[in-house]
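Asker: So that we are looking at the same thing, I have put the structure below in structure tokens.
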Amino acid sequence: MASGAQDKQYTPSLLNFFIYNPSFGPREGEEEKKILFYHPSEIEKNEKIRNVGLCEAIVQFTRTFCPTKPAKSLHTQKNRQFFFEPEENFWIVMVVRNPMIEKPNKDGKPPTIEYQEEELLDTVYGAVVRQCYSMYKLFNGTFGRAMESGGVELLIQKLEKFFYRYLQTLHLQSCDLLDVFGGISFFPLDKMTYLKIQSFVNRVEESLSLIKYTAFLYNDQLIWSGLEQDDMRILYKYLTTSLFPRHSEPELAGRDSPLRPEVTGNLLHYGRFLTGPANLKDPEAKFRFPKIFVSAEDGYEELHLIVYKAMSAATCFMISANVELTREFCEQLDGLVGPQLTLLASDICEQFTINRRISGPEKEPQFKFIYFNHMNLAEKSTIHMRKTASVCLTSVHPDLMKILGDINCDFARVDEDEEIIVKAMTDYWVVGKKSDQRELYVILNQKNANLIEVNEEVKRLCATQFNNIFFLD
């Protein structure tokens with residue numbers, strides 16, 4: 001190998017992901033019955049049994065120290081294992097290979113591999129495992145429900161069908177603090193436009209009485225939701241990282257639009273179904289919609305999920321799964337919602353453009369921030385330029401993202417409000433502020449600043465960006 005060869009860097013990657021239940025194969029020789037799902041599936045049977053047995057032993061061993069809090073993670077040189085028990089006796093385990101650097105050797109010797117054992121954050125990847133379960137539960141209900149309906153066979157079938165596809169969308173190299181929060185980005189609106197949307201939702205729910213819940217989004221940001229917070233949080237993640245990117249389209253521009261608008265009366269109609277029938281006029285069109293499970297007073301309820309979009313506005317209508325949805329109903333919804341949603345979308349766009357013009361041109365600020373509110377799950381980030389299922393582009397160095405994660409871990413350990421200021425090796429300043437259920441993380445690019453100046457800069461940021469939010473000093 002040439003002496004000028006570069007070091008190769010490898011990002012974290014998924015080694016194994018499996019789900020098991022220790023009570024399903026209690027006797028010797030029956031160990032395979034415990035395994036409900038294993039990725040990658042081509043691994044030899046005895047190795048699967050060995051890996052599951054090892055996890056079982058670790059969980060049992062740690063229980064002797066704290067029976068109520070079993071192990072959450074295990075750190076080794078080459079990888080890290082994460083354990084999660086979402087339902088009694090059902091365990092999800094994710095094994096992630098640590099990031100590594102491959103250093104070439106002279107004289108034709110094989111390269112040296114250095115594992116970076118401290119680069120992964122338990123909070124981030126622990127949140128990813130919980131997200132996997134929440135997403136499964138959104139579309140399939142609990143593991144217990146599948147067991148009641150069709151026993152272990154049905155559960156295995158559902159797990160394989162769901163996780164085979166879902167694990168392909170996990171991009172572990174771009175997981176960060178936003179995965180810990182799992183928040184919702186809200187669209188800023190003036191009162192009048194918000195009232196128009198509220199009135200639109202009320203009119204549609206009144207005209208189409210089958211609709212139980214509605215959610216309204218614009219530009220991948222939430223404006224209105226009738227769902228419980230935790231259900232909306234996971235539905236929002238599915239919409240913004242999976243469904244919407246699959247249907248992304250060029251922004252519509254009047255006559256030049258690639259989609260032909262229909263004219264209903266005097267109204268333009270850009271509406272279309274993102275779930276369900278692709279084309280209502282097609283006689284072969286299928287009127288099947290994905291089913292989701294949301295929490296209800298007596299456990300959970302099953303609903304049809306209808307996602308309907310016009311320009312940059314999207315509405316989710318949820319209807320009881322007991323009702324059969326017909327062509328007539330879809331035509332009625334299309335005729336009623338299409339023109340109104342098109343009109344609303346252009347109203348919001350106009351209002352947003354006016355507000356942007358009033359606030360003046362956006363200069364590249366000296367700081368970047370992430371804000372999260374635990375009460376309403378509101379999240380705002382100027383660090384993330386784009387976050388989809390396949391890519392998460394951040395405008396700061398990964399080392400700084402790790403510092404943010406470390407500060408968040410410190411905040412999680414205490415209940416009191418606190419502030420942490422860190423000076424990074426790269427001369428950046430990182431500030432974390434926790435105040436009354438809210439967290440703010442700021443990255444400042446001011447090499448020669450001192451502690452007092454950094455503090456003043458953060459106060460200025462709070463006054464301009466968060467003037468209606470009270471941060472305790």
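Residues are named by chain letter and number: chains run A, B, ... in the order of the structure tokens, numbers start at 1 in each chain, and ligands are numbered from 1 in the order shown.
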Taking 2 positions as the minimum chain separation for residues in the same chain, which residues sit within 7 Å of range 162-172 of chain A when counting only C-alpha atoms? Answer as a PyMOL selection string.
Answerer: chain A and resi 12-13+136+158-160+174-175+389-390
Asker: Using backbone DSSP assignments, extract all helix (DSSP H, G or I) residues from range 76-274 of chain A; output them as number ranges by chain.
Answerer: A: 122-140, 143-169, 172-174, 177-181, 191-207, 229-246, 254-256
Asker: Residues within 8 Å of range 398-403 of chain A, please, as a ChimeraX atom specification. Count only C-alpha atoms; anything in the same chain fewer than 3 positions from it doesn't count.
Answerer: /A:119,121,176-177,406-407,424,430
Asker: Which residues are near range 304-312 of chain A? Cut-off 7 Å, only C-alpha atoms, ignore same chain within fewer than 4 positions. Put them as an mmCIF file with N, CA and C atoms, in the first residue's frame.
Answerer:
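Below is the file out25.cif, written as the result:
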data_model
loop_
_atom_site.group_PDB
_atom_site.id
_atom_site.type_symbol
_atom_site.label_atom_id
_atom_site.label_comp_id
_atom_site.auth_asym_id
_atom_site.auth_seq_id
_atom_site.Cartn_x
_atom_site.Cartn_y
_atom_site.Cartn_z
ATOM 1 N N TYR A 218 -48.417 22.024 6.967
ATOM 2 C CA TYR A 218 -47.999 22.852 5.829
ATOM 3 C C TYR A 218 -46.478 22.816 5.789
ATOM 4 N N ASN A 219 -45.926 22.552 4.589
ATOM 5 C CA ASN A 219 -44.455 22.484 4.444
ATOM 6 C C ASN A 219 -43.822 21.535 5.450
ATOM 7 N N GLU A 251 -42.606 22.553 -6.435
ATOM 8 C CA GLU A 251 -43.615 23.496 -5.945
ATOM 9 C C GLU A 251 -44.456 23.960 -7.138
ATOM 10 N N LEU A 252 -45.770 23.962 -6.949
ATOM 11 C CA LEU A 252 -46.660 24.284 -8.075
ATOM 12 C C LEU A 252 -46.556 25.768 -8.413
ATOM 13 N N TYR A 270 -56.114 21.462 -6.718
ATOM 14 C CA TYR A 270 -54.848 20.731 -6.866
ATOM 15 C C TYR A 270 -54.807 19.487 -5.984
ATOM 16 N N GLY A 271 -55.915 19.163 -5.343
ATOM 17 C CA GLY A 271 -55.922 18.097 -4.331
ATOM 18 C C GLY A 271 -55.681 16.709 -4.898
ATOM 19 N N ARG A 272 -55.026 15.852 -4.105
ATOM 20 C CA ARG A 272 -54.846 14.444 -4.485
ATOM 21 C C ARG A 272 -54.617 13.610 -3.222
ATOM 22 N N PHE A 273 -54.905 12.321 -3.317
ATOM 23 C CA PHE A 273 -54.710 11.406 -2.192
ATOM 24 C C PHE A 273 -53.258 10.915 -2.172
ATOM 25 N N LEU A 274 -52.601 11.018 -1.005
ATOM 26 C CA LEU A 274 -51.256 10.429 -0.872
ATOM 27 C C LEU A 274 -51.371 8.980 -0.396
ATOM 28 N N THR A 275 -52.446 8.670 0.333
ATOM 29 C CA THR A 275 -52.725 7.273 0.672
ATOM 30 C C THR A 275 -54.058 6.941 0.016
ATOM 31 N N PHE A 289 -56.901 1.987 2.521
ATOM 32 C CA PHE A 289 -56.049 2.974 3.187
ATOM 33 C C PHE A 289 -55.261 2.278 4.296
ATOM 34 N N PRO A 290 -54.060 2.791 4.610
ATOM 35 C CA PRO A 290 -53.322 2.173 5.720
ATOM 36 C C PRO A 290 -54.109 2.303 7.024
ATOM 37 N N LYS A 291 -53.938 1.330 7.912
ATOM 38 C CA LYS A 291 -54.616 1.388 9.216
ATOM 39 C C LYS A 291 -53.593 1.797 10.270
ATOM 40 N N ILE A 292 -54.038 2.606 11.220
ATOM 41 C CA ILE A 292 -53.149 2.980 12.329
ATOM 42 C C ILE A 292 -53.875 2.738 13.655
ATOM 43 N N CYS A 316 -54.589 15.079 7.294
ATOM 44 C CA CYS A 316 -54.764 13.652 7.619
ATOM 45 C C CYS A 316 -56.161 13.517 8.220
ATOM 46 N N PHE A 317 -56.961 12.674 7.608
ATOM 47 C CA PHE A 317 -58.293 12.384 8.159
ATOM 48 C C PHE A 317 -58.271 10.963 8.689
ATOM 49 N N MET A 318 -58.743 10.778 9.926
ATOM 50 C CA MET A 318 -58.757 9.433 10.510
ATOM 51 C C MET A 318 -60.188 8.993 10.772
ATOM 52 N N ILE A 319 -60.516 7.807 10.265
ATOM 53 C CA ILE A 319 -61.887 7.281 10.312
ATOM 54 C C ILE A 319 -61.855 5.876 10.898
ATOM 55 N N SER A 320 -62.831 5.547 11.728
ATOM 56 C CA SER A 320 -62.859 4.233 12.378
ATOM 57 C C SER A 320 -62.674 3.102 11.361
ATOM 58 N N ALA A 321 -61.826 2.125 11.716
ATOM 59 C CA ALA A 321 -61.516 1.018 10.799
ATOM 60 C C ALA A 321 -62.713 0.098 10.573
ATOM 61 N N GLY A 338 -60.640 19.297 -1.794
ATOM 62 C CA GLY A 338 -59.692 19.747 -2.820
ATOM 63 C C GLY A 338 -59.644 21.248 -3.043
ATOM 64 N N LEU A 341 -58.784 23.314 0.227
ATOM 65 C CA LEU A 341 -57.397 23.140 0.672
ATOM 66 C C LEU A 341 -56.438 23.884 -0.259
ATOM 67 N N THR A 342 -56.743 23.895 -1.556
ATOM 68 C CA THR A 342 -55.917 24.621 -2.536
ATOM 69 C C THR A 342 -55.910 26.110 -2.196
ATOM 70 N N ALA A 345 -53.954 26.715 1.039
ATOM 71 C CA ALA A 345 -52.511 26.583 0.823
ATOM 72 C C ALA A 345 -51.951 27.876 0.240
#
Asker: If we count only C-alpha atoms and set the cut-off at 9 Å, which residues sit around Val204 in chain A, ignoring sequence neighbours fewer than 4 positions away in its own chain? Please answer as a count of residues only.
Answerer: 8
Asker: So which one's closest to Lys433 in chain A, A:Tyr194, A:Lys103, A:Ala146, A:Leu404? Using only C-alpha atoms, please.
Answerer: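 Once distances to Lys433 in chain A are computed over only C-alpha atoms, the minimum belongs to A:Leu404.
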Asker: My list of candidates is A:Thr240, A:Gln131, A:Thr64, A:Thr315. Which is closest to Ile197 in chain A when distances are computed with only C-alpha atoms?
Answerer: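 Of A:Thr240, A:Gln131, A:Thr64, A:Thr315, the one nearest Ile197 in chain A is A:Thr315, counting only C-alpha atoms.
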Asker: One decimal, Å: what's the distance from CA of Phe287 in chain A over to CA of Phe329 in chain A, could you say?
Answerer: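 Taking CA of Phe287 in chain A as the start and CA of Phe329 in chain A as the end point, the length is 9.8 Å.
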Asker: Taking 6 positions as the minimum chain separation for residues in the same chain, which residues sit within 7 Å of range 442-456 of chain A when counting only C-alpha atoms? Answer as an MDAnalysis selection string.
Answerer: chainID A and resid 366:370 427:432
Asker: Rank A:Ala71, A:Ala296, A:Ile49, A:Ile101 by their smallest atom-to-atom distance to Asp7 in chain A, using only C-alpha atoms, and report the top residue only.
Answerer: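 Checking each candidate against Asp7 in chain A, we get A:Ile101 as the closest.
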Asker: Give me, please, the distance in Å between CA of Ile354 in chain A and CA of Ser225 in chain A, quoted to one decimal.
Answerer: 25.2 Å
Asker: Residues of range 168-264 of chain A classed as strand (DSSP E or B) by DSSP on the backbone are to be reported as a list of chain:residue names.
Answerer: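 Result set for range 168-264 of chain A (strand (DSSP E or B)): A:Ile184, A:Phe186, A:Ile211, A:Lys212, A:Tyr213, A:Thr214, A:Ala215, A:Phe216, A:Leu217, A:Tyr218, A:Gln221, A:Leu222, A:Ile223, A:Trp224, A:Ser225, A:Glu262, A:Val263, A:Thr264.
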Asker: Write out, as a CSV table (one decimal), in the first residue's frame, the residues just selected, with C-alpha atoms.
Answerer:
chain,number,residue,atom,x,y,z
A,184,ILE,CA,-42.8,18.3,16.2
A,186,PHE,CA,-44.8,23.8,14.2
A,211,ILE,CA,-64.1,11.6,10.3
A,212,LYS,CA,-63.0,11.2,14.0
A,213,TYR,CA,-59.7,13.1,14.0
A,214,THR,CA,-57.9,15.6,11.7
A,215,ALA,CA,-54.4,16.9,11.5
A,216,PHE,CA,-53.3,19.8,9.2
A,217,LEU,CA,-49.7,20.3,8.1
A,218,TYR,CA,-48.0,22.9,5.8
A,221,GLN,CA,-44.8,21.4,9.7
A,222,LEU,CA,-47.8,20.9,12.0
A,223,ILE,CA,-50.5,23.5,12.3
A,224,TRP,CA,-53.5,21.7,13.8
A,225,SER,CA,-54.0,18.2,15.4
A,262,GLU,CA,-59.0,20.8,-12.2
A,263,VAL,CA,-61.3,23.7,-12.1
A,264,THR,CA,-64.4,23.2,-9.9
Asker: Out of A:Val294, A:Glu148, A:Leu344, A:Leu239, which residue has the shortest atom-to-atom distance to Gly226 in chain A when counting only C-alpha atoms?
Answerer: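 The closest residue to Gly226 in chain A is A:Val294.
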Asker: Residues of range 117-168 of chain A within 9 Å of range 79-84 of chain A: nearest atom pair and distance (Å, one decimal) for each, counting only C-alpha atoms, sorted by chain and number, as a Markdown table?
Answerer:
| residue | atom | partner | partner_atom | distance |
| --- | --- | --- | --- | --- |
| A:Glu117 | CA | A:Asn79 | CA | 7.7 |
| A:Leu120 | CA | A:Arg80 | CA | 8.2 |
| A:Asp122 | CA | A:Phe82 | CA | 7.9 |
| A:Tyr125 | CA | A:Phe82 | CA | 7.4 |
| A:Gly126 | CA | A:Phe82 | CA | 6.3 |
| A:Val129 | CA | A:Phe84 | CA | 7.2 |
| A:Arg130 | CA | A:Phe84 | CA | 7.2 |
Asker: Ranking A:Met100, A:Ile348, A:Met135, A:Met94 by minimum distance to Thr193 in chain A and counting only C-alpha atoms, which one comes first?
Answerer: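 That would be A:Ile348, the residue with the smallest distance to Thr193 in chain A.
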